[in-house]
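Asker: Sending over entry_11.cif (mmCIF, C-alpha atoms).
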data_query
loop_
_atom_site.label_atom_id
_atom_site.label_comp_id
_atom_site.auth_asym_id
_atom_site.auth_seq_id
_atom_site.Cartn_x
_atom_site.Cartn_y
_atom_site.Cartn_z
CA MET U 1 6.79 -69.54 -12.34
CA ALA U 2 7.72 -66.67 -14.57
CA VAL U 3 7.20 -63.19 -13.15
CA GLN U 4 5.38 -60.91 -15.55
CA GLU U 5 6.96 -57.50 -15.75
CA ASN U 6 4.58 -54.54 -15.92
CA ASN U 7 5.92 -51.61 -17.85
CA VAL U 8 4.47 -48.53 -16.18
CA GLU U 9 5.38 -45.22 -17.74
CA VAL U 10 4.57 -41.73 -16.49
CA ASP U 11 3.38 -39.52 -19.30
CA MET U 12 5.60 -36.49 -19.03
CA VAL U 13 3.84 -34.19 -21.50
CA PRO U 14 0.71 -33.28 -19.43
CA LEU U 15 2.86 -33.14 -16.29
CA ILE U 16 5.16 -30.58 -17.85
CA ASP U 17 2.18 -28.67 -19.27
CA ILE U 18 0.56 -28.39 -15.84
CA ILE U 19 3.79 -27.36 -14.14
CA VAL U 20 4.44 -24.67 -16.74
CA LEU U 21 0.89 -23.33 -16.36
CA VAL U 22 1.20 -23.23 -12.55
CA LEU U 23 4.55 -21.51 -12.93
CA MET U 24 3.13 -18.86 -15.27
CA PHE U 25 0.20 -18.21 -12.93
CA LEU U 26 2.47 -17.76 -9.92
CA ILE U 27 4.85 -15.47 -11.79
CA ILE U 28 2.07 -13.23 -13.11
CA VAL U 29 -0.07 -13.08 -9.96
CA GLY U 30 2.89 -12.91 -7.60
CA ASP U 31 4.36 -9.91 -9.38
CA THR U 32 1.07 -8.01 -9.44
CA ALA U 33 0.50 -8.64 -5.76
CA ALA U 34 3.96 -7.47 -4.89
CA SER U 35 3.77 -4.12 -6.68
CA ALA U 36 0.95 -2.79 -4.47
CA ASN U 37 2.64 -3.44 -1.16
CA ALA U 38 6.11 -4.53 -2.10
CA ILE U 39 7.93 -2.60 0.59
CA GLN U 40 8.09 -4.24 3.96
CA MET U 41 7.35 -1.73 6.70
CA LYS U 42 5.79 -1.48 10.11
CA LEU U 43 2.49 0.24 9.58
CA PRO U 44 0.74 2.17 12.34
CA ARG U 45 -2.26 0.57 13.98
CA ALA U 46 -5.75 1.96 13.52
CA ASP U 47 -8.79 0.19 14.90
CA GLN U 48 -11.15 2.27 12.75
CA ALA U 49 -9.44 1.20 9.52
CA MET U 50 -11.35 -0.83 6.97
CA THR U 51 -10.40 -3.45 4.45
CA ASP U 52 -10.90 -2.77 0.75
CA LYS U 53 -14.04 -4.90 0.84
CA GLU U 54 -15.50 -2.80 3.65
CA LEU U 55 -14.50 0.42 1.89
CA LYS U 56 -16.34 -0.74 -1.22
CA GLU U 57 -19.42 -1.52 0.82
CA LYS U 58 -19.32 2.06 2.14
CA ASN U 59 -19.12 3.34 -1.45
CA VAL U 60 -15.56 4.60 -1.05
CA ARG U 61 -14.05 4.80 -4.50
CA LEU U 62 -11.12 2.44 -5.10
CA GLU U 63 -10.94 2.44 -8.90
CA GLY U 64 -7.84 4.12 -10.27
CA ARG U 65 -6.33 4.33 -6.80
CA ILE U 66 -2.73 5.45 -6.65
CA VAL U 67 -0.66 3.66 -4.01
CA ILE U 68 2.25 5.72 -2.72
CA GLN U 69 4.76 3.95 -0.52
CA MET U 70 7.51 5.51 1.51
CA GLN U 71 10.94 3.97 1.70
CA SER U 72 14.04 4.94 3.62
CA LYS U 73 17.45 4.61 1.99
CA GLU U 74 20.61 5.76 3.72
CA GLY U 75 18.69 8.00 6.06
CA ARG U 76 16.63 9.66 3.31
CA TYR U 77 13.04 8.98 2.47
CA PHE U 78 11.72 8.42 -1.05
CA ALA U 79 8.29 7.82 -2.49
CA VAL U 80 7.76 4.59 -4.41
CA VAL U 81 4.89 4.18 -6.86
CA ASN U 82 4.56 1.07 -9.04
CA ASN U 83 8.06 -0.02 -8.06
CA LYS U 84 9.57 3.25 -9.26
CA GLN U 85 11.31 5.62 -6.91
CA TYR U 86 10.61 9.35 -6.81
CA GLU U 87 12.13 12.22 -4.88
CA LEU U 88 9.87 13.82 -2.29
CA VAL U 89 11.17 17.24 -3.26
CA ALA U 90 12.28 18.16 -6.79
CA GLN U 91 16.07 18.14 -6.95
CA GLY U 92 18.61 17.27 -9.63
CA SER U 93 17.53 15.30 -12.65
CA ASN U 94 15.54 12.72 -10.69
CA LYS U 95 11.82 12.72 -11.24
CA SER U 96 9.86 14.00 -8.28
CA LEU U 97 6.63 12.64 -6.85
CA ASN U 98 4.93 15.91 -7.81
CA ASP U 99 5.84 15.40 -11.50
CA TYR U 100 4.56 11.85 -11.50
CA LEU U 101 1.28 12.65 -9.74
CA ASP U 102 0.72 15.70 -11.94
CA GLU U 103 1.02 13.46 -15.03
CA GLN U 104 -1.36 10.90 -13.52
CA VAL U 105 -3.97 13.50 -12.55
CA ASN U 106 -3.88 15.16 -15.97
CA TRP U 107 -3.99 11.78 -17.72
CA GLN U 108 -7.05 10.65 -15.74
CA LEU U 109 -8.80 14.02 -16.06
CA GLY U 110 -8.07 14.09 -19.81
CA ARG U 111 -9.77 10.75 -20.28
CA ASN U 112 -12.70 11.54 -18.00
CA LEU U 113 -11.61 8.84 -15.57
CA ALA U 114 -11.66 11.39 -12.76
CA LYS U 115 -13.47 14.60 -11.92
CA LYS U 116 -12.40 17.90 -10.45
CA ASP U 117 -14.88 19.89 -8.38
CA SER U 118 -15.24 23.66 -8.02
CA ALA U 119 -12.89 23.69 -5.00
CA GLY U 120 -10.19 22.00 -7.08
CA ALA U 121 -10.55 18.61 -5.43
CA VAL U 122 -9.83 15.66 -7.70
CA ASP U 123 -11.71 12.47 -6.80
CA ILE U 124 -8.83 10.07 -7.49
CA PRO U 125 -8.23 8.01 -4.34
CA VAL U 126 -4.70 7.85 -3.00
CA LYS U 127 -3.48 5.21 -0.60
CA LEU U 128 -0.45 6.12 1.47
CA ARG U 129 1.69 3.32 2.87
CA LEU U 130 3.84 5.14 5.36
CA PRO U 131 6.04 3.57 8.03
CA GLU U 132 4.93 4.14 11.59
CA ALA U 133 8.30 5.62 12.53
CA ALA U 134 8.64 8.01 9.56
CA PRO U 135 9.10 11.59 10.80
CA MET U 136 6.23 13.93 10.04
CA LYS U 137 8.61 16.30 8.28
CA ASP U 138 8.93 13.76 5.45
CA VAL U 139 5.35 12.52 5.60
CA GLU U 140 4.19 16.12 5.23
CA ARG U 141 5.97 16.39 1.88
CA ILE U 142 3.90 13.56 0.45
CA VAL U 143 0.61 14.83 1.87
CA MET U 144 1.39 18.39 0.74
CA THR U 145 2.21 17.18 -2.76
CA CYS U 146 -1.14 15.38 -2.94
CA ALA U 147 -2.99 18.41 -1.53
CA ARG U 148 -1.43 20.83 -4.01
CA LEU U 149 -2.65 18.65 -6.88
CA GLY U 150 -6.14 18.47 -5.40
CA LEU U 151 -5.81 14.85 -4.28
CA VAL U 152 -7.79 15.09 -1.06
CA ASN U 153 -9.25 11.58 -0.95
CA ILE U 154 -6.55 9.94 1.13
CA GLN U 155 -6.47 6.44 2.56
CA TYR U 156 -3.77 5.70 5.12
CA ALA U 157 -2.66 2.08 5.16
CA SER U 158 -2.59 0.61 8.61
CA GLU U 159 -1.89 -2.65 10.29
CA LEU U 160 -4.86 -4.94 10.17
CA VAL U 161 -6.50 -4.96 13.58
CA LEU U 162 -8.69 -7.88 14.52
CA LYS U 163 -12.37 -7.21 14.27
CA ARG U 164 -13.59 -4.52 16.58
CA ASN U 165 -16.92 -4.67 18.34
CA MET C 1 16.88 -44.42 -38.06
CA SER C 2 17.45 -44.95 -34.39
CA LYS C 3 15.50 -47.54 -32.53
CA ARG C 4 13.31 -46.13 -29.72
CA LYS C 5 13.66 -47.80 -26.35
CA HIS C 6 11.44 -47.67 -23.33
CA PRO C 7 12.95 -45.28 -20.82
CA GLY C 8 12.60 -47.54 -17.82
CA HIS C 9 13.38 -50.77 -19.58
CA ASP C 10 16.82 -50.82 -21.02
CA ASP C 11 17.66 -54.26 -22.35
CA SER C 12 21.12 -53.35 -23.41
CA GLY C 13 22.26 -52.67 -19.87
CA GLY C 14 23.88 -49.42 -20.97
CA GLY C 15 22.52 -45.89 -20.73
CA GLY C 16 21.65 -46.16 -17.01
CA HIS C 17 18.51 -44.78 -15.34
CA GLY C 18 16.20 -43.18 -17.91
CA GLY C 19 17.31 -45.18 -20.87
CA ASP C 20 17.96 -43.02 -23.90
CA ARG C 21 16.09 -40.05 -22.40
CA PRO C 22 18.01 -39.14 -19.25
CA TRP C 23 17.37 -35.45 -19.89
CA VAL C 24 13.69 -35.94 -19.01
CA PHE C 25 14.52 -36.56 -15.36
CA PHE C 26 16.85 -33.59 -15.30
CA ALA C 27 14.14 -31.41 -16.86
CA VAL C 28 11.48 -32.61 -14.43
CA ASP C 29 13.83 -31.99 -11.50
CA CYS C 30 14.45 -28.45 -12.76
CA PHE C 31 10.75 -27.78 -13.20
CA PHE C 32 9.99 -29.00 -9.70
CA LEU C 33 12.78 -26.92 -8.19
CA ILE C 34 11.63 -23.77 -10.01
CA THR C 35 8.01 -24.46 -9.06
CA GLN C 36 9.02 -24.97 -5.42
CA PHE C 37 10.90 -21.69 -5.48
CA PHE C 38 7.88 -19.76 -6.76
CA VAL C 39 5.44 -21.54 -4.45
CA ILE C 40 7.61 -20.76 -1.42
CA THR C 41 8.23 -17.12 -2.36
CA PHE C 42 4.67 -16.53 -3.57
CA LYS C 43 2.67 -14.11 -1.47
CA VAL C 44 -1.05 -13.83 -1.72
CA LYS C 45 -2.16 -10.22 -1.92
CA SER C 46 -2.60 -9.24 1.69
CA ASN C 47 -5.88 -7.78 2.80
CA GLU C 48 -4.39 -4.55 4.07
CA SER C 49 -6.69 -2.19 5.92
CA ALA C 50 -6.83 1.55 5.33
CA LEU C 51 -8.15 4.53 7.22
CA PRO C 52 -10.02 6.77 4.80
CA GLN C 53 -9.73 10.50 5.42
CA ARG C 54 -10.59 13.52 3.38
CA LEU C 55 -8.35 16.54 3.46
CA PRO C 56 -10.31 19.75 4.02
CA PRO C 57 -11.08 21.71 0.84
CA GLY C 58 -7.92 23.33 -0.42
CA GLY C 59 -5.88 20.57 1.13
CA THR C 60 -3.19 21.44 3.62
CA VAL C 61 -2.33 24.70 1.90
CA PRO C 62 -4.30 27.75 3.10
CA SER C 63 -7.81 26.81 2.21
CA LYS C 64 -9.35 28.58 -0.77
CA SER C 65 -12.85 27.81 0.38
CA SER C 66 -12.39 27.78 4.14
CA ALA C 67 -14.48 30.93 4.43
CA LEU C 68 -17.30 29.20 2.60
CA ASP C 69 -17.67 26.07 4.65
CA ASN C 70 -19.50 26.24 7.93
CA LYS C 71 -17.71 23.45 9.69
CA LYS C 72 -16.29 24.03 13.13
CA LYS C 73 -12.55 23.71 13.23
CA LEU C 74 -10.72 21.85 15.94
CA SER C 75 -6.97 22.03 16.41
CA ILE C 76 -4.81 19.30 17.84
CA HIS C 77 -1.07 19.68 18.33
CA VAL C 78 1.10 16.57 18.60
CA THR C 79 4.37 16.56 20.51
CA ARG C 80 6.54 13.85 21.93
CA ALA C 81 7.88 13.87 25.43
CA GLY C 82 9.71 11.07 27.18
CA GLY C 83 9.14 8.67 24.30
CA ALA C 84 5.36 9.03 24.39
CA ALA C 85 3.04 11.14 22.31
CA THR C 86 1.30 14.09 23.93
CA TYR C 87 -1.73 15.75 22.38
CA GLU C 88 -2.68 19.35 23.03
CA PHE C 89 -6.40 19.85 22.58
CA MET C 90 -8.47 22.72 23.94
CA THR C 91 -5.47 24.04 25.93
CA LYS C 92 -5.06 20.69 27.71
CA GLN C 93 -2.21 18.25 27.25
CA VAL C 94 -3.43 14.68 27.24
CA ASN C 95 -2.41 11.22 26.11
CA MET C 96 -4.26 9.24 23.44
CA GLN C 97 -6.86 7.89 25.84
CA GLY C 98 -7.49 11.41 27.12
CA LEU C 99 -7.85 12.71 23.58
CA ASN C 100 -10.34 9.98 22.74
CA ASP C 101 -12.39 10.90 25.81
CA MET C 102 -12.26 14.63 25.11
CA LEU C 103 -13.26 14.18 21.48
CA ALA C 104 -16.12 11.89 22.44
CA GLY C 105 -17.27 14.40 25.05
CA SER C 106 -17.03 17.55 22.96
CA VAL C 107 -17.99 16.42 19.49
CA GLY C 108 -21.61 15.56 18.88
CA GLY C 109 -22.22 15.05 15.18
CA GLY C 110 -18.80 14.55 13.68
CA GLN C 111 -19.94 15.74 10.27
CA GLU C 112 -20.00 19.33 11.53
CA TYR C 113 -16.32 19.34 12.39
CA GLN C 114 -12.98 19.59 10.68
CA VAL C 115 -9.78 18.74 12.48
CA ARG C 116 -6.42 20.39 11.78
CA VAL C 117 -3.43 18.55 13.14
CA SER C 118 -0.14 20.28 13.78
CA TYR C 119 3.01 18.54 14.99
CA GLU C 120 6.71 18.82 15.70
CA GLU C 121 8.93 17.82 12.80
CA ASP C 122 10.31 14.67 14.42
CA VAL C 123 7.00 13.30 15.63
CA PRO C 124 6.55 9.82 14.13
CA PHE C 125 3.73 9.33 11.65
CA GLY C 126 2.15 6.67 13.87
CA ASP C 127 1.32 9.28 16.53
CA VAL C 128 -0.44 11.50 13.99
CA LEU C 129 -2.36 8.62 12.46
CA ALA C 130 -3.64 7.89 15.96
CA VAL C 131 -5.33 11.32 15.85
CA PHE C 132 -7.00 10.47 12.52
CA ASN C 133 -8.10 7.19 14.05
CA ALA C 134 -9.54 8.97 17.09
CA CYS C 135 -11.39 11.36 14.75
CA ALA C 136 -12.79 8.46 12.73
CA LYS C 137 -14.20 7.03 15.98
CA VAL C 138 -16.32 10.16 16.48
CA LYS C 139 -17.27 10.27 12.77
CA ILE C 140 -15.03 13.16 11.79
CA SER C 141 -13.88 12.35 8.29
CA GLU C 142 -12.14 15.60 7.38
CA CYS C 143 -8.68 15.83 8.87
CA GLY C 144 -5.93 18.05 7.57
CA LEU C 145 -2.37 18.76 8.51
CA ILE C 146 -1.02 22.18 9.34
CA PRO C 147 2.38 22.29 7.65
CA LEU C 148 5.55 23.12 9.51
CA ARG C 149 6.47 26.78 9.43
CA GLY C 150 9.69 28.74 8.99
CA SER C 151 13.00 26.99 8.53
CA ARG C 152 11.46 23.60 9.35
CA ALA C 153 8.98 23.89 6.48
CA SER C 154 9.38 21.65 3.47
CA PRO C 155 10.67 23.34 0.31
#
In structure tokens, what does this structure look like?
Answerer:
Amino acid sequence: MAVQENNVEVDMVPLIDIIVLVLMFLIIVGDTAASANAIQMKLPRADQAMTDKELKEKNVRLEGRIVIQMQSKEGRYFAVVNNKQYELVAQGSNKSLNDYLDEQVNWQLGRNLAKKDSAGAVDIPVKLRLPEAAPMKDVERIVMTCARLGLVNIQYASELVLKRN
Amino acid sequence: MSKRKHPGHDDSGGGGHGGDRPWVFFAVDCFFLITQFFVITFKVKSNESALPQRLPPGGTVPSKSSALDNKKKLSIHVTRAGGAATYEFMTKQVNMQGLNDMLAGSVGGGQEYQVRVSYEEDVPFGDVLAVFNACAKVKISECGLIPLRGSRASP
């Protein structure tokens, strides 16, 4: 009895299309997710901290939030915003955090994306991702820079603590 | 014109696996390897928590409007001794649990208070954030830092 041979062929075109689409999605989303908390650090614990969802429910403004991260390199600390590194104190030709934030504040105020009150406080939220072990001397430079520019709405990133009672 | 052959059915016996399109398998292998790489290294945006605080008006620099606000000011000084944080509050030196208890006992409506935190230059940030956290527990949302003075001050 003759065996009938079945020719089964996998159609490569839709397979490749799907793989390319998945690849593009992962590249785009993965990169965006990384920029906000790209630096690995041990954050301090805070049981009163809230997730972004909870902050929104409490009407805490999150739109236009600037995320400042702190990174140590060779014993010195730098600020990192949107994957770019800034000096904590103006020195040399490197751009300082103060310069960057000043540009951001003026840009947002100029386009009515933020408001400044009579006391000089700007309502742009700032999230600080600071390592638990960072000395206050360096942390102070970041907080002082924000304060001088009127950025008083500060959110300190902390390690997620399981739901409190 | 070349004659098309079925990739998995090579009558001629030559050309091996894939017939006249061996590159397809190579391409699919590459795609799968690249996809695996991205899937493995992909991180979903983590749901990081944050402790919201508002710096007192005027920020940490001498307050321009401090004379205008009627909030009571509390001072807490953070030091580190023997590897543990010590908090000086109302002339008493206490640990974090003690500070929590003292704040809970002395602060009624947190909205009426502002807290100013001072510290030694080498105190780790985690110990100071613990003060903010303790303040948040008693509904004090305005916490500021008193900058270091003298030669230890930032430029």
Asker: The PyMOL selection byres ((chain U) within 6 of (chain C)) on the file shown: which residues, as a PyMOL selection string?
Answerer: chain U and resi 23+30+33+44+46+48-51+132-137+147+152-158+160
Asker: Select, from U:Thr145, U:Gln104, U:Asn7, U:Asn37, the residue with the minimum atom-to-atom distance to Ala90 (chain U), counting all atoms listed in the file.
Answerer: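 Closest candidate: U:Thr145.
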Asker: Calculate how many Å separate CA of Glu74 (chain U) from CA of Leu128 (chain U), rounding to one decimal.
Answerer: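 Calculated distance between CA of Glu74 (chain U) and CA of Leu128 (chain U) is 21.2 Å.
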Asker: I need the residue nearest Leu99 (chain C) from this list: C:Asn70, C:Val78, C:Lys139, C:Ile40. Use all atoms listed in the file for the distance.
Answerer: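 The shortest atom-to-atom distance to Leu99 (chain C) comes from C:Val78.
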Asker: Select, counting all atoms listed in the file, all protein, DNA and RNA residues no farther than 10 Å from (8.0, 9.4, -8.2) in file coordinates, and express the selection as a compact mmCIF listing (two decimals) with C-alpha atoms, in the coordinates of the input.
Answerer:
# COMPACT_ATOMS: atom_id res chain seq x y z
CA ILE U 68 2.25 5.72 -2.72
CA GLN U 69 4.76 3.95 -0.52
CA PHE U 78 11.72 8.42 -1.05
CA ALA U 79 8.29 7.82 -2.49
CA VAL U 80 7.76 4.59 -4.41
CA VAL U 81 4.89 4.18 -6.86
CA ASN U 82 4.56 1.07 -9.04
CA ASN U 83 8.06 -0.02 -8.06
CA LYS U 84 9.57 3.25 -9.26
CA GLN U 85 11.31 5.62 -6.91
CA TYR U 86 10.61 9.35 -6.81
CA GLU U 87 12.13 12.22 -4.88
CA LEU U 88 9.87 13.82 -2.29
CA VAL U 89 11.17 17.24 -3.26
CA ALA U 90 12.28 18.16 -6.79
CA ASN U 94 15.54 12.72 -10.69
CA LYS U 95 11.82 12.72 -11.24
CA SER U 96 9.86 14.00 -8.28
CA LEU U 97 6.63 12.64 -6.85
CA ASN U 98 4.93 15.91 -7.81
CA ASP U 99 5.84 15.40 -11.50
CA TYR U 100 4.56 11.85 -11.50
CA LEU U 101 1.28 12.65 -9.74
Asker: For CA of Arg61 (chain U) and CA of Leu151 (chain U), determine how far apart the two atoms are, in Å to one decimal place.
Answerer: 13.0 Å
Asker: So what do you get for CA of Trp23 (chain C) versus CA of Ile19 (chain U), distance-wise?
Answerer: 16.8 Å
Asker: Given the file shown, determine the residues that the PyMOL selection byres ((chain U and resi 42) around 6) selects; report them as a short mmCIF file (atom, residue, chain, number, x, y, z; two decimals) with C-alpha atoms, in the coordinates of the input.
Answerer:
data_model
loop_
_atom_site.label_atom_id
_atom_site.label_comp_id
_atom_site.auth_asym_id
_atom_site.auth_seq_id
_atom_site.Cartn_x
_atom_site.Cartn_y
_atom_site.Cartn_z
CA MET U 41 7.35 -1.73 6.70
CA LEU U 43 2.49 0.24 9.58
CA PRO U 131 6.04 3.57 8.03
CA GLU U 132 4.93 4.14 11.59
#
Asker: To box region 146-163 of chain U, take all atoms listed in the file, fit an axis-aligned box, add 3 Å on each side, and give centre and edge lengths in Å to one decimal, as JSON.
Answerer:
{"center_x": -6.8, "center_y": 6.5, "center_z": 3.8, "size_x": 17.2, "size_y": 34.7, "size_z": 27.4}
Asker: Please provide the set of residues having any atom within 7 Å of Lys72 (chain C), restricted to all atoms listed in the file, with same-chain residues fewer than 2 positions apart removed, written as a list in words.
Answerer: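 In the requested format, the answer is Asn70, Leu74, Glu112, Tyr113 and Gln114 of chain C.
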Asker: Suppose a student applies the PyMOL selection byres ((chain U and resi 113) around 12) to this structure; what residues should they get, written as a ChimeraX atom specification?
Answerer: /U:63-65,104-112,114-116,122-125
Asker: Let me see the file: selected residues, C-alpha atoms, as a PDB file, keeping the file's coordinate frame.
Answerer:
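Generated file (part19.pdb):
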ATOM      1  CA  GLU U  63     -10.940   2.440  -8.900  1.00  0.00           C
ATOM      2  CA  GLY U  64      -7.840   4.120 -10.270  1.00  0.00           C
ATOM      3  CA  ARG U  65      -6.330   4.330  -6.800  1.00  0.00           C
ATOM      4  CA  GLN U 104      -1.360  10.900 -13.520  1.00  0.00           C
ATOM      5  CA  VAL U 105      -3.970  13.500 -12.550  1.00  0.00           C
ATOM      6  CA  ASN U 106      -3.880  15.160 -15.970  1.00  0.00           C
ATOM      7  CA  TRP U 107      -3.990  11.780 -17.720  1.00  0.00           C
ATOM      8  CA  GLN U 108      -7.050  10.650 -15.740  1.00  0.00           C
ATOM      9  CA  LEU U 109      -8.800  14.020 -16.060  1.00  0.00           C
ATOM     10  CA  GLY U 110      -8.070  14.090 -19.810  1.00  0.00           C
ATOM     11  CA  ARG U 111      -9.770  10.750 -20.280  1.00  0.00           C
ATOM     12  CA  ASN U 112     -12.700  11.540 -18.000  1.00  0.00           C
ATOM     13  CA  ALA U 114     -11.660  11.390 -12.760  1.00  0.00           C
ATOM     14  CA  LYS U 115     -13.470  14.600 -11.920  1.00  0.00           C
ATOM     15  CA  LYS U 116     -12.400  17.900 -10.450  1.00  0.00           C
ATOM     16  CA  VAL U 122      -9.830  15.660  -7.700  1.00  0.00           C
ATOM     17  CA  ASP U 123     -11.710  12.470  -6.800  1.00  0.00           C
ATOM     18  CA  ILE U 124      -8.830  10.070  -7.490  1.00  0.00           C
ATOM     19  CA  PRO U 125      -8.230   8.010  -4.340  1.00  0.00           C
TER      20      PRO U 125
END
Asker: Please determine, counting only C-alpha atoms, which residue among U:Leu130, U:Met24, U:Gly92, U:Gly120 has the shortest atom-to-atom distance to Glu159 (chain U).
Answerer: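 Among U:Leu130, U:Met24, U:Gly92, U:Gly120, it is U:Leu130 that comes nearest to Glu159 (chain U).
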